[in-house]
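Trainee: Below: one structure in structure tokens.
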Amino acid sequence: MSVPPGKAPIQQSIRAAFEGWRQDVPGLVPYAAAVGAFTGVVTAMIGAPAGGNPLSALILQALLGAGVAAFFARALRPAVGRPGGPVGAVFADALRVYGSMLIIGFFLMLVFGVALIPAVAVLGVVLEPYQARLEAAESDIGAQLPIFQEAMQAQPGVFLGLLLVYGFLWMAMTSRLYLAAPASVDLGRVMSFETWRWTQGNMLRIIAVRLLLLVPVFFAAGLVGNVLASLVGVQTSELGAVQAPNAALLALAQAGTTFVTLLVHSGLEARLSGYLYQGLKPPA
């Protein structure tokens, strides 16, 4: 199933992504398992992603990003017409994908660093009645989360509005650069802003297909992951705080949730981006 040149048909893209992913699941399982195990080991050594040490969280996210890039590169290869290949070729592609992720991630950090200034001002007003309690909690995230939850319940419209505005901005920016990863794998070099114009006129269609396909899958994978984690005694609160009996069980839960999320959500996203790339890339 080929995408019409210059178009991003929503229903056809969803069907093509799912069918390609379904056929490739057996080949993706070993990579998802390996990255899941790697995630568990790193978590055991450094701690939870939401831990209180910012440096540890940064190192953990960088290592996990490398693992995700390796899985994503493997999932992308068949989507851009390069099935199979030795493990070394997959890891070479992963380095290119990781480089693309870093460039785009730094760009998004700059954009949102400026764009979030109005949101910070709004939140300053909303949280003003809770300021004394937040200061008393200092850097204790566990103590701060219930306060934020109380503020969200008191002013749901404000938080929902901010979520919609910045959620759309995030989806818009990432959709315009959605072809960077498959282009990096297909062309054999790190691609980023060169792909911006390739999605011109298709941003809303790409957003739509991502919302229809990937958002439900993301929540389904998260639900399965939470169930697996709860089986070993690891609980996650509504605001993301993680409670685990010990570091070993936390690592085991992290490995299992990463495996599920990569195999299902990231696998489908790779196939979707690769399919759209095949239709939207400019003629050679």
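Starting from 1 in every chain, residues are counted up; chains themselves are A, B, ... following the order of the structure tokens, and ligands are numbered from 1 as listed.
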Using only C-alpha atoms, which protein or nucleic acid residues come within 12 Å of Met191 of chain A? Drop anything in the same chain fewer than 5 positions from it, and give the result as a PDB file with N, CA and C atoms, in the first residue's frame.

Mentor:
ATOM      1  N   ASP A  93      22.210   3.139  12.060  1.00  0.00           N
ATOM      2  CA  ASP A  93      20.977   3.909  11.855  1.00  0.00           C
ATOM      3  C   ASP A  93      20.510   4.539  13.160  1.00  0.00           C
ATOM      4  N   LEU A  95      22.275   5.629  15.627  1.00  0.00           N
ATOM      5  CA  LEU A  95      23.066   6.824  15.924  1.00  0.00           C
ATOM      6  C   LEU A  95      22.553   8.021  15.135  1.00  0.00           C
ATOM      7  N   ARG A  96      22.153   7.764  13.893  1.00  0.00           N
ATOM      8  CA  ARG A  96      21.612   8.862  13.078  1.00  0.00           C
ATOM      9  C   ARG A  96      20.264   9.328  13.634  1.00  0.00           C
ATOM     10  N   VAL A  97      19.425   8.370  14.011  1.00  0.00           N
ATOM     11  CA  VAL A  97      18.130   8.731  14.600  1.00  0.00           C
ATOM     12  C   VAL A  97      18.339   9.499  15.902  1.00  0.00           C
ATOM     13  N   TYR A  98      19.284   9.052  16.707  1.00  0.00           N
ATOM     14  CA  TYR A  98      19.556   9.717  17.981  1.00  0.00           C
ATOM     15  C   TYR A  98      20.054  11.137  17.747  1.00  0.00           C
ATOM     16  N   GLY A  99      20.933  11.301  16.750  1.00  0.00           N
ATOM     17  CA  GLY A  99      21.405  12.639  16.416  1.00  0.00           C
ATOM     18  C   GLY A  99      20.262  13.543  15.988  1.00  0.00           C
ATOM     19  N   SER A 100      19.351  13.000  15.187  1.00  0.00           N
ATOM     20  CA  SER A 100      18.183  13.760  14.766  1.00  0.00           C
ATOM     21  C   SER A 100      17.311  14.127  15.962  1.00  0.00           C
ATOM     22  N   MET A 101      17.120  13.174  16.879  1.00  0.00           N
ATOM     23  CA  MET A 101      16.322  13.426  18.082  1.00  0.00           C
ATOM     24  C   MET A 101      16.940  14.530  18.934  1.00  0.00           C
ATOM     25  N   LEU A 102      18.251  14.527  19.061  1.00  0.00           N
ATOM     26  CA  LEU A 102      18.927  15.537  19.880  1.00  0.00           C
ATOM     27  C   LEU A 102      18.774  16.929  19.284  1.00  0.00           C
ATOM     28  N   ILE A 103      18.937  17.039  17.968  1.00  0.00           N
ATOM     29  CA  ILE A 103      18.814  18.340  17.313  1.00  0.00           C
ATOM     30  C   ILE A 103      17.394  18.883  17.476  1.00  0.00           C
ATOM     31  N   ILE A 104      16.420  18.046  17.176  1.00  0.00           N
ATOM     32  CA  ILE A 104      15.024  18.478  17.267  1.00  0.00           C
ATOM     33  C   ILE A 104      14.640  18.741  18.722  1.00  0.00           C
ATOM     34  N   LEU A 177       8.155  18.099  11.687  1.00  0.00           N
ATOM     35  CA  LEU A 177       9.465  17.430  11.650  1.00  0.00           C
ATOM     36  C   LEU A 177       9.327  15.917  11.765  1.00  0.00           C
ATOM     37  N   TYR A 178       8.153  15.407  11.439  1.00  0.00           N
ATOM     38  CA  TYR A 178       7.840  13.995  11.667  1.00  0.00           C
ATOM     39  C   TYR A 178       8.615  13.048  10.762  1.00  0.00           C
ATOM     40  N   LEU A 179       9.157  13.560   9.674  1.00  0.00           N
ATOM     41  CA  LEU A 179       9.855  12.706   8.717  1.00  0.00           C
ATOM     42  C   LEU A 179      11.359  12.679   8.940  1.00  0.00           C
ATOM     43  N   ALA A 180      11.841  13.345   9.981  1.00  0.00           N
ATOM     44  CA  ALA A 180      13.283  13.439  10.194  1.00  0.00           C
ATOM     45  C   ALA A 180      13.906  12.073  10.480  1.00  0.00           C
ATOM     46  N   ALA A 181      13.272  11.276  11.343  1.00  0.00           N
ATOM     47  CA  ALA A 181      13.838   9.969  11.696  1.00  0.00           C
ATOM     48  C   ALA A 181      13.870   9.010  10.509  1.00  0.00           C
ATOM     49  N   PRO A 182      12.748   8.800   9.788  1.00  0.00           N
ATOM     50  CA  PRO A 182      12.826   7.907   8.633  1.00  0.00           C
ATOM     51  C   PRO A 182      13.779   8.417   7.556  1.00  0.00           C
ATOM     52  N   ALA A 183      13.865   9.736   7.383  1.00  0.00           N
ATOM     53  CA  ALA A 183      14.811  10.275   6.403  1.00  0.00           C
ATOM     54  C   ALA A 183      16.248   9.976   6.813  1.00  0.00           C
ATOM     55  N   SER A 184      16.531  10.040   8.113  1.00  0.00           N
ATOM     56  CA  SER A 184      17.884   9.749   8.602  1.00  0.00           C
ATOM     57  C   SER A 184      18.272   8.302   8.324  1.00  0.00           C
ATOM     58  N   VAL A 185      17.306   7.384   8.468  1.00  0.00           N
ATOM     59  CA  VAL A 185      17.579   5.974   8.203  1.00  0.00           C
ATOM     60  C   VAL A 185      17.707   5.721   6.707  1.00  0.00           C
ATOM     61  N   ASP A 186      16.804   6.295   5.931  1.00  0.00           N
ATOM     62  CA  ASP A 186      16.790   6.022   4.495  1.00  0.00           C
ATOM     63  C   ASP A 186      17.978   6.642   3.774  1.00  0.00           C
ATOM     64  N   TRP A 196      11.467  19.831   7.070  1.00  0.00           N
ATOM     65  CA  TRP A 196      10.359  20.720   7.471  1.00  0.00           C
ATOM     66  C   TRP A 196       9.421  21.004   6.300  1.00  0.00           C
TER      67      TRP A 196
END

Trainee: Set the distance at 12 Å and use only C-alpha atoms: which residues neighbour Val111 of chain A once local chain neighbours fewer than 6 positions away are removed? I'd like the list as a list of chain:residue names.

Mentor: A:Ile104, A:Gly105, A:Ile117, A:Tyr166, A:Leu169, A:Trp170, A:Met173, A:Thr174

Trainee: Store the residues picked out above in a file with C-alpha atoms, as a compact mmCIF listing (two decimals), in the first residue's frame.

Mentor:
# COMPACT_ATOMS: atom_id res chain seq x y z
CA ILE A 104 15.02 18.48 17.27
CA GLY A 105 14.83 18.09 21.05
CA ILE A 117 6.61 32.26 29.69
CA TYR A 166 0.65 23.78 24.44
CA LEU A 169 1.89 23.58 19.71
CA TRP A 170 3.84 20.41 20.53
CA MET A 173 6.04 21.36 15.72
CA THR A 174 6.71 17.64 15.93

Trainee: Find, counting only C-alpha atoms, the residue in A:Ala69, A:Leu214, A:Ala208, A:Leu123 that gets nearest to Phe159 of chain A.

Mentor: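 Nearest candidate to Phe159 of chain A out of A:Ala69, A:Leu214, A:Ala208, A:Leu123: A:Leu123.
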
Trainee: Write down as a VMD selection string the residues belonging to segment 28-250 of chain A that are assigned helix (DSSP H, G or I) by DSSP computed on the backbone.

Mentor: chain A and resid 28 to 46 54 to 79 87 to 115 117 to 126 128 to 137 141 to 154 156 to 176 180 to 187 193 to 199 203 to 231 247 to 250

Trainee: A:Gly36, A:Gln11, A:Leu250, A:Ala94: which is nearest Ala66 of chain A, counting only C-alpha atoms?

Mentor: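 Closest to Ala66 of chain A of all the choices is A:Ala94.
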
Trainee: Compile the contact shell of Ala119 of chain A as a PDB file with N, CA and C atoms, in the first residue's frame: residues with an atom at most 12 Å away, counting only C-alpha atoms, same-chain residues fewer than 5 positions apart removed.

Mentor:
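Now in selection-v6.pdb:
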ATOM      1  N   PHE A 112       9.931  26.066  23.425  1.00  0.00           N
ATOM      2  CA  PHE A 112       9.036  26.018  24.575  1.00  0.00           C
ATOM      3  C   PHE A 112       9.576  26.835  25.742  1.00  0.00           C
ATOM      4  N   GLY A 113      10.899  27.033  25.783  1.00  0.00           N
ATOM      5  CA  GLY A 113      11.445  27.903  26.815  1.00  0.00           C
ATOM      6  C   GLY A 113      10.882  29.304  26.722  1.00  0.00           C
ATOM      7  N   VAL A 114      10.636  29.749  25.487  1.00  0.00           N
ATOM      8  CA  VAL A 114      10.035  31.071  25.270  1.00  0.00           C
ATOM      9  C   VAL A 114       8.511  30.987  25.363  1.00  0.00           C
ATOM     10  N   GLY A 124       1.474  31.237  38.013  1.00  0.00           N
ATOM     11  CA  GLY A 124       1.854  32.000  39.198  1.00  0.00           C
ATOM     12  C   GLY A 124       0.642  32.590  39.891  1.00  0.00           C
ATOM     13  N   VAL A 125      -0.316  33.064  39.087  1.00  0.00           N
ATOM     14  CA  VAL A 125      -1.544  33.622  39.654  1.00  0.00           C
ATOM     15  C   VAL A 125      -2.406  32.515  40.261  1.00  0.00           C
ATOM     16  N   VAL A 126      -2.551  31.395  39.524  1.00  0.00           N
ATOM     17  CA  VAL A 126      -3.399  30.291  39.991  1.00  0.00           C
ATOM     18  C   VAL A 126      -2.856  29.676  41.274  1.00  0.00           C
ATOM     19  N   LEU A 127      -1.532  29.563  41.373  1.00  0.00           N
ATOM     20  CA  LEU A 127      -0.914  28.893  42.525  1.00  0.00           C
ATOM     21  C   LEU A 127      -0.610  29.837  43.683  1.00  0.00           C
ATOM     22  N   VAL A 158      -8.468  26.384  33.644  1.00  0.00           N
ATOM     23  CA  VAL A 158      -7.166  26.987  33.360  1.00  0.00           C
ATOM     24  C   VAL A 158      -6.168  25.926  32.925  1.00  0.00           C
ATOM     25  N   PHE A 159      -6.104  24.842  33.666  1.00  0.00           N
ATOM     26  CA  PHE A 159      -5.135  23.787  33.352  1.00  0.00           C
ATOM     27  C   PHE A 159      -5.496  23.089  32.042  1.00  0.00           C
ATOM     28  N   LEU A 160      -6.787  22.892  31.790  1.00  0.00           N
ATOM     29  CA  LEU A 160      -7.200  22.273  30.530  1.00  0.00           C
ATOM     30  C   LEU A 160      -6.863  23.180  29.350  1.00  0.00           C
ATOM     31  N   GLY A 161      -7.087  24.477  29.516  1.00  0.00           N
ATOM     32  CA  GLY A 161      -6.765  25.418  28.447  1.00  0.00           C
ATOM     33  C   GLY A 161      -5.282  25.424  28.120  1.00  0.00           C
ATOM     34  N   LEU A 162      -4.446  25.443  29.150  1.00  0.00           N
ATOM     35  CA  LEU A 162      -3.001  25.402  28.932  1.00  0.00           C
ATOM     36  C   LEU A 162      -2.584  24.092  28.261  1.00  0.00           C
ATOM     37  N   LEU A 163      -3.203  22.994  28.689  1.00  0.00           N
ATOM     38  CA  LEU A 163      -2.885  21.705  28.092  1.00  0.00           C
ATOM     39  C   LEU A 163      -3.225  21.690  26.605  1.00  0.00           C
ATOM     40  N   LEU A 164      -4.380  22.233  26.237  1.00  0.00           N
ATOM     41  CA  LEU A 164      -4.796  22.236  24.834  1.00  0.00           C
ATOM     42  C   LEU A 164      -3.887  23.127  23.991  1.00  0.00           C
ATOM     43  N   VAL A 165      -3.572  24.308  24.500  1.00  0.00           N
ATOM     44  CA  VAL A 165      -2.746  25.246  23.731  1.00  0.00           C
ATOM     45  C   VAL A 165      -1.352  24.687  23.504  1.00  0.00           C
ATOM     46  N   TYR A 166      -0.717  24.239  24.572  1.00  0.00           N
ATOM     47  CA  TYR A 166       0.655  23.775  24.437  1.00  0.00           C
ATOM     48  C   TYR A 166       0.720  22.365  23.852  1.00  0.00           C
TER      49      TYR A 166
END

Trainee: For Leu249 of chain A, please output as a list in words all residues within 9 Å (counting only C-alpha atoms; exclusion window: fewer than 2 positions along the same chain).

Mentor: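 Counting only C-alpha atoms, the residues come to Ala44, Ala229, Val232, Gly233, Val234, Ala244, Pro245, Asn246, Ala247, Ala251, Leu252, Ala253 and Gln254 of chain A.
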
Trainee: Residues of the last selection are to be written out with all heavy atoms, as a PDB file, in the first residue's frame.

Mentor:
ATOM      1  N   ALA A  44      17.961   0.499  37.798  1.00  0.00           N
ATOM      2  CA  ALA A  44      18.478  -0.058  39.047  1.00  0.00           C
ATOM      3  C   ALA A  44      19.751   0.658  39.492  1.00  0.00           C
ATOM      4  O   ALA A  44      19.995   0.834  40.692  1.00  0.00           O
ATOM      5  CB  ALA A  44      18.748  -1.552  38.868  1.00  0.00           C
ATOM      6  N   ALA A 229       3.279  -3.564  36.218  1.00  0.00           N
ATOM      7  CA  ALA A 229       4.024  -3.013  37.355  1.00  0.00           C
ATOM      8  C   ALA A 229       3.329  -3.324  38.675  1.00  0.00           C
ATOM      9  O   ALA A 229       3.990  -3.642  39.678  1.00  0.00           O
ATOM     10  CB  ALA A 229       4.179  -1.506  37.181  1.00  0.00           C
ATOM     11  N   VAL A 232       4.068  -6.590  40.454  1.00  0.00           N
ATOM     12  CA  VAL A 232       5.285  -6.733  41.259  1.00  0.00           C
ATOM     13  C   VAL A 232       5.320  -5.697  42.388  1.00  0.00           C
ATOM     14  O   VAL A 232       6.365  -5.467  43.002  1.00  0.00           O
ATOM     15  CB  VAL A 232       6.549  -6.613  40.386  1.00  0.00           C
ATOM     16  CG1 VAL A 232       6.627  -7.758  39.395  1.00  0.00           C
ATOM     17  CG2 VAL A 232       6.609  -5.266  39.663  1.00  0.00           C
ATOM     18  N   GLY A 233       4.169  -5.047  42.637  1.00  0.00           N
ATOM     19  CA  GLY A 233       4.066  -4.147  43.782  1.00  0.00           C
ATOM     20  C   GLY A 233       4.465  -2.715  43.531  1.00  0.00           C
ATOM     21  O   GLY A 233       4.612  -1.931  44.471  1.00  0.00           O
ATOM     22  N   VAL A 234       4.629  -2.319  42.264  1.00  0.00           N
ATOM     23  CA  VAL A 234       5.007  -0.938  41.935  1.00  0.00           C
ATOM     24  C   VAL A 234       3.744  -0.176  41.546  1.00  0.00           C
ATOM     25  O   VAL A 234       3.018  -0.598  40.655  1.00  0.00           O
ATOM     26  CB  VAL A 234       6.040  -0.892  40.788  1.00  0.00           C
ATOM     27  CG1 VAL A 234       6.350   0.556  40.409  1.00  0.00           C
ATOM     28  CG2 VAL A 234       7.313  -1.614  41.207  1.00  0.00           C
ATOM     29  N   ALA A 244       7.648   2.076  44.986  1.00  0.00           N
ATOM     30  CA  ALA A 244       8.098   0.700  44.786  1.00  0.00           C
ATOM     31  C   ALA A 244       8.658   0.152  46.091  1.00  0.00           C
ATOM     32  O   ALA A 244       9.288   0.884  46.862  1.00  0.00           O
ATOM     33  CB  ALA A 244       9.165   0.632  43.697  1.00  0.00           C
ATOM     34  N   PRO A 245       8.436  -1.154  46.354  1.00  0.00           N
ATOM     35  CA  PRO A 245       8.977  -1.752  47.582  1.00  0.00           C
ATOM     36  C   PRO A 245      10.495  -1.687  47.653  1.00  0.00           C
ATOM     37  O   PRO A 245      11.061  -1.502  48.730  1.00  0.00           O
ATOM     38  CB  PRO A 245       8.486  -3.203  47.496  1.00  0.00           C
ATOM     39  CG  PRO A 245       7.300  -3.152  46.580  1.00  0.00           C
ATOM     40  CD  PRO A 245       7.595  -2.082  45.591  1.00  0.00           C
ATOM     41  N   ASN A 246      11.164  -1.854  46.507  1.00  0.00           N
ATOM     42  CA  ASN A 246      12.628  -1.789  46.480  1.00  0.00           C
ATOM     43  C   ASN A 246      13.090  -1.501  45.058  1.00  0.00           C
ATOM     44  O   ASN A 246      12.300  -1.518  44.102  1.00  0.00           O
ATOM     45  CB  ASN A 246      13.256  -3.081  47.011  1.00  0.00           C
ATOM     46  CG  ASN A 246      12.737  -4.309  46.265  1.00  0.00           C
ATOM     47  OD1 ASN A 246      12.916  -4.435  45.051  1.00  0.00           O
ATOM     48  ND2 ASN A 246      12.071  -5.216  46.993  1.00  0.00           N
ATOM     49  N   ALA A 247      14.405  -1.249  44.916  1.00  0.00           N
ATOM     50  CA  ALA A 247      14.973  -0.858  43.621  1.00  0.00           C
ATOM     51  C   ALA A 247      14.877  -1.983  42.590  1.00  0.00           C
ATOM     52  O   ALA A 247      14.686  -1.727  41.396  1.00  0.00           O
ATOM     53  CB  ALA A 247      16.429  -0.438  43.806  1.00  0.00           C
ATOM     54  N   ALA A 251      13.086  -1.688  38.965  1.00  0.00           N
ATOM     55  CA  ALA A 251      13.786  -1.963  37.706  1.00  0.00           C
ATOM     56  C   ALA A 251      13.027  -2.981  36.869  1.00  0.00           C
ATOM     57  O   ALA A 251      12.923  -2.840  35.643  1.00  0.00           O
ATOM     58  CB  ALA A 251      15.197  -2.467  37.999  1.00  0.00           C
ATOM     59  N   LEU A 252      12.484  -4.001  37.523  1.00  0.00           N
ATOM     60  CA  LEU A 252      11.711  -5.017  36.805  1.00  0.00           C
ATOM     61  C   LEU A 252      10.462  -4.396  36.181  1.00  0.00           C
ATOM     62  O   LEU A 252      10.127  -4.678  35.013  1.00  0.00           O
ATOM     63  CB  LEU A 252      11.323  -6.142  37.764  1.00  0.00           C
ATOM     64  CG  LEU A 252      10.501  -7.293  37.162  1.00  0.00           C
ATOM     65  CD1 LEU A 252      11.281  -7.979  36.054  1.00  0.00           C
ATOM     66  CD2 LEU A 252      10.113  -8.289  38.256  1.00  0.00           C
ATOM     67  N   ALA A 253       9.774  -3.553  36.933  1.00  0.00           N
ATOM     68  CA  ALA A 253       8.578  -2.894  36.409  1.00  0.00           C
ATOM     69  C   ALA A 253       8.925  -1.972  35.254  1.00  0.00           C
ATOM     70  O   ALA A 253       8.215  -1.921  34.243  1.00  0.00           O
ATOM     71  CB  ALA A 253       7.885  -2.111  37.525  1.00  0.00           C
ATOM     72  N   GLN A 254      10.041  -1.250  35.381  1.00  0.00           N
ATOM     73  CA  GLN A 254      10.456  -0.340  34.315  1.00  0.00           C
ATOM     74  C   GLN A 254      10.791  -1.110  33.046  1.00  0.00           C
ATOM     75  O   GLN A 254      10.468  -0.676  31.941  1.00  0.00           O
ATOM     76  CB  GLN A 254      11.676   0.473  34.779  1.00  0.00           C
ATOM     77  CG  GLN A 254      12.038   1.628  33.865  1.00  0.00           C
ATOM     78  CD  GLN A 254      11.023   2.750  33.939  1.00  0.00           C
ATOM     79  OE1 GLN A 254      10.341   2.925  34.936  1.00  0.00           O
ATOM     80  NE2 GLN A 254      10.920   3.527  32.866  1.00  0.00           N
TER      81      GLN A 254
END

Trainee: With distances taken over only C-alpha atoms, which of A:Gly67, A:Gly27, A:Pro156, A:Gly267 is nearest to Leu213 of chain A?

Mentor: A:Gly267

Trainee: Quick one: distance from atom CA of Gly65 of chain A to atom CA of Met171 of chain A in Å, one decimal?

Mentor: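 So the two atoms, atom CA of Gly65 of chain A and atom CA of Met171 of chain A, lie 19.4 Å apart.
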
Trainee: Point out the residue among A:Ala255, A:Leu268, A:Ala70, A:Leu55 with the least atom-to-atom distance to Gln23 of chain A, counting only C-alpha atoms.

Mentor: A:Leu268

Trainee: Would you compute the distance between atom CA of Ala248 of chain A and atom CA of Ala57 of chain A? Give it in Å to one decimal.

Mentor: 17.7 Å

Trainee: Nearest residue to Phe259 of chain A out of A:Pro146, A:Gly167, A:Pro129, A:Pro30, using only C-alpha atoms?

Mentor: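 Answer, going by the shortest atom-to-atom distance: A:Pro30.
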